[in-house]
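J.: Next up is a structure, given as structure tokens.
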Amino acid sequence: MDIKAHLGALLRTALAKVAPDAADAEVLIERPRDPAHGDFACNLALQLAKRVKRNPRQLAGQLVAAVAADPYVAKLEVAGAGFINIRLAPRAGQEAVARILAQGSAYGHTRTAQAPKTMVEFVSANPTGPLHVGHGRQAALGDALAALLASQGHEVTREFYYNDAGAQIHNLALSVQARARGKGPEDPGWPADGYRGEYIEEIARNFVAGGGDTGDLEAARKFAVAALRREQDADLQAFGVKFDVYYLESSLYTNGRVDAVVKALVAAGHTYEQEGALWLRTTDYGDDKDRVVRKSDGSYTYFVPDVAYHVTKWERGYRKVINVQGTDHHSTVTRVRAGLQALDLGVPSGYPDYVLHNLVRVVRGGEEVKISKRAGSYVTLRDLVDWVGRDAVRFFLVSRRADSDFVFDVDLARAQTEENPVYYVQYAHARVCSVFSQWGGDAAPLAGAPLAALTGARERALMRRLAGFPEMLADAARELAPHAIAFTLRELAGEFHSYYNAERILVEDEATRTARLALCAAVRQVLANGLALLGVRAPERM
RNA sequence: GCGCCCGUAGCUCAGCGGAUCAGAGUAUUGGCCUCCGAAGCCAAGGGUCGUGGGUUCGAAUCCCGCCGGGCGCGCCA
């Protein structure tokens with residue numbers, strides 16, 4: 001049952017008795033952070049005091065008196081300026097424990113009659129170099145977001161879009177060719193915008209060793225793209241991230257979608273010619289200036305395939321689309337949306353959604369390392385995973401709000417491996433496993449165990465946290481904010497460690513022991529469910 | 001200059017559809033292993049929530065100015 005809705009109904013009934021003329025007011029039930037203020041709280045009296053011309057504390061008192069007796073409510077009290085604090089009967093938390101054991105890995109997940117077809121596009125790195133820390137943040141964030149939405153009833157597709165056709169790929173091919181011919185970045189004849197990283201030399205070496213023709217630019221391009229794609233895939237696999245679809249930008253040219261979009265924009269009357277170029281009136285849709293669609297040399301700007309790509313998302317049936325990108329791309333948000341609006345396809349003006357994250361600044365040896373492919377000096381995702389481990393990197397990268405600034409101190413991350421909060425959470429999980437192996441029994445028979453012994457303060461705090469898990473997930477999904485999961489897990493683990501230290505689980509008394517084991521099993525289950533959403537392992541031993 | 005984002009404890013960061021909201025971790029200091037794992041627990045000190053106004057009975061949270069930082073501002077992608 002939905003305890004919040006239940007409490008809301010109780011108070012609404014009371015309100016109708018106490019102040020019939022204000023019975024239409026919205027009753028908000030909140031969770032106070034401080035357990036001293038009860039399990040739930042309601043500020044209804046504060047909201048309505050002025051309207052019904054009564055003192056808020058007096059009104060709150062009348063409401064409390066009018067609430068009918070209820071098996072889930074232990075106590076109602078007026079506090080502060082006129083809050084109604086609600087303390088639940090232990091029964092409410094005990095039912096949550098029973099529900100967790102019954103539902104297992106499905107606890108916190110919801111099903112909807114018609115699962116919305118949802119796409120999360122993330123990483124989408126060009127195949128011009130290895131994945132760096134920024135891609136890592138995106139991979140951790142996007143993958144967790146996709147899992148979170150899937151848990152809330154969405155049918156989710158993870159998609160990786162990559163540019164295999166543009167000028168940067170051309171530069172990549174030129175760079176590999178130059179290296180294959182024995183040229184370095186300092187030599188005459190090195191391409192102007194060439195990639196200088198050492199990995200280019202390695203690719204060139206393999207190209208030549210495999211019999212590649214240094215005069216065949218197209219062959220060098222294909223070889224380099226394939227090699228870098230392989231490397232990116234290996235990095236993602238090592239990071240535990242899998243994509244359902246890899247969408248190639250080049251396909252939008254070969255299947256005519258790019259041309260079709262330009263024709264449609266012209267036909268819709270939103271374009272004009274000026275100085276030999278074709279412009280789109282994006283200012284009609286909130287952009288600060290119009291954008292070129294077709295350059296005077298006849299080629300298209302990058303944003304045309306971008307729009308064409310998003311048309312395919314709409315046409316493929318994705319009514320909810322979330323693009324995870326760095327904030328350095330924020331100007332494309334308006335443009336892509338404007339392009340879609342100009343096509344008049346019936347796409348909502350806020351389509352697609354964006355989660356923009358700040359770029360990661362990497363500090364090493366007290367100095368910032370510039371993330372630049374061309375400089376060839378940057379920290380790769382693989383470096384990080386090698387240094388601090390996959391679980392720690394994923395947990396760390398997803399533990400912050402997407403738009404928070406982010407400083408990744410490499411030395412600190414390496415030195416503080418043991419202090420990383422991921423171990424704290426994983427340790428709580430392993431501890432429960434350890435208790436069960438000590439006990440020698442299986443958790444499964446506990447599913448229907450009597451839980452009446454769970455009445456202690458720490459037990460109530462744990463049950464409160466466990467019971468709130470589904471609501472937390474729903475909120476996080478709505479806000480597109482998976483970092484909330486990491487924080488909740490940290491708190492749950494903390495409450496468990498406190499409990500474990502204060503109370504013995506394997507006590508003599510059977511009823512108490514069984515109830516405590518059931519609580520531990522529920523804690524373990526929720527930790528496992530949360531960690532699974534973050535793509536972090538829940539080890540039985542550490 | 002214009003646009004978007006960010007300024008919360010020494011450090012890394014939560015909280016921001018207003019109220020019981022000054023928080024966590026870390027670092028520092030002091031305690032806790034004859035007993036289910038000390039990668040743990042308990043406790044202490046530490047912040048006028050960048051700053052100045054405004055709205056409100058009530059603002060870290062909403063609005064405006066300013067200061068500081070990041071990112072954008074191309075017929076590059």
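Just remember, in the structure tokens the first chain shown is A, the second B, etc., residues are 1-based per chain, and ligands are 1-based in the order shown.
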Could you give me, as a tab-separated table, every chain B residue with an atom at most 9 Å from chain A, plus its closest atom pair and distance in Å to one decimal, counting only C-alpha atoms (C1' of nucleotides), rows ordered by chain then number?
T.:
```
residue	atom	partner	partner_atom	distance
B:G3	C1'	A:Asp288	CA	8.5
B:C4	C1'	A:His330	CA	7.2
B:C5	C1'	A:Asp403	CA	7.0
B:C6	C1'	A:Ser404	CA	6.6
B:U12	C1'	A:Val407	CA	8.3
B:C13	C1'	A:Arg400	CA	7.3
B:A14	C1'	A:Phe487	CA	7.6
B:A19	C1'	A:Asn43	CA	7.8
B:U20	C1'	A:His37	CA	6.1
B:C21	C1'	A:Arg33	CA	8.7
B:A24	C1'	A:Glu491	CA	8.6
B:G25	C1'	A:Pro421	CA	7.8
B:U26	C1'	A:Glu419	CA	8.3
B:C36	C1'	A:Val435	CA	5.5
B:G37	C1'	A:Arg431	CA	6.5
B:A39	C1'	A:Glu418	CA	6.4
B:G40	C1'	A:His497	CA	6.7
B:C41	C1'	A:Asn501	CA	5.8
B:G70	C1'	A:Asp405	CA	7.8
B:C71	C1'	A:Asp328	CA	5.2
B:G72	C1'	A:Asp328	CA	6.0
B:C73	C1'	A:Ser331	CA	8.5
B:C75	C1'	A:Lys295	CA	4.5
B:C76	C1'	A:Ala167	CA	8.3
B:A77	C1'	A:Tyr302	CA	6.3
```
J.: Extract, using only C-alpha atoms (C1' of nucleotides), all DNA, RNA and protein residues at most 9 Å from G15 of chain B, discarding same-chain residues fewer than 6 positions from it, and format them as a list of chain:residue names.
T.: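 The contact residues come out as B:C21, B:G23, B:A60, B:U61.
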J.: Return the single residue from A:Leu531, A:Ala180, A:Ala308, A:Ala69 that is closest to Leu252 of chain A, with distances computed using only C-alpha atoms.
T.: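 Among the listed residues, the smallest separation from Leu252 of chain A belongs to A:Ala308.
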J.: Point out the residue among A:Ala493, A:Val307, A:Leu149, A:Ala474 with the least atom-to-atom distance to Val526 of chain A, counting only C-alpha atoms.
T.: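 Going through A:Ala493, A:Val307, A:Leu149, A:Ala474 one by one, the smallest distance to Val526 of chain A is for A:Ala493.
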J.: At a cut-off of 10 Å, using only C-alpha atoms (C1' of nucleotides), what residues contact Leu397 of chain A? Leave out same-chain residues fewer than 6 positions from it and give the result as a list in words.
T.: Val133, Gly134, Gly136, Arg137, Gln138, Ala139, Ala140, Leu141, Val360, Asp391, Phe406, Phe408 and His483 of chain A
J.: With distances taken over only C-alpha atoms, which of A:Leu236, A:Tyr199, A:His154, A:Ala220 is nearest to Ala477 of chain A?
T.: A:His154
J.: Tell me, in Å to one decimal, how far atom CA of Lys117 of chain A is from atom CA of Lys242 of chain A.
T.: 18.2 Å
J.: I'd like to know which residues of segment 228-472 of chain A are strand (DSSP E or B) (by DSSP, run on the backbone); could you write them as a PyMOL selection string?
T.: chain A and resi 245-248+271-274+277-280+291-294+300+320-326+353-357+360-364+367-369+380+406-409
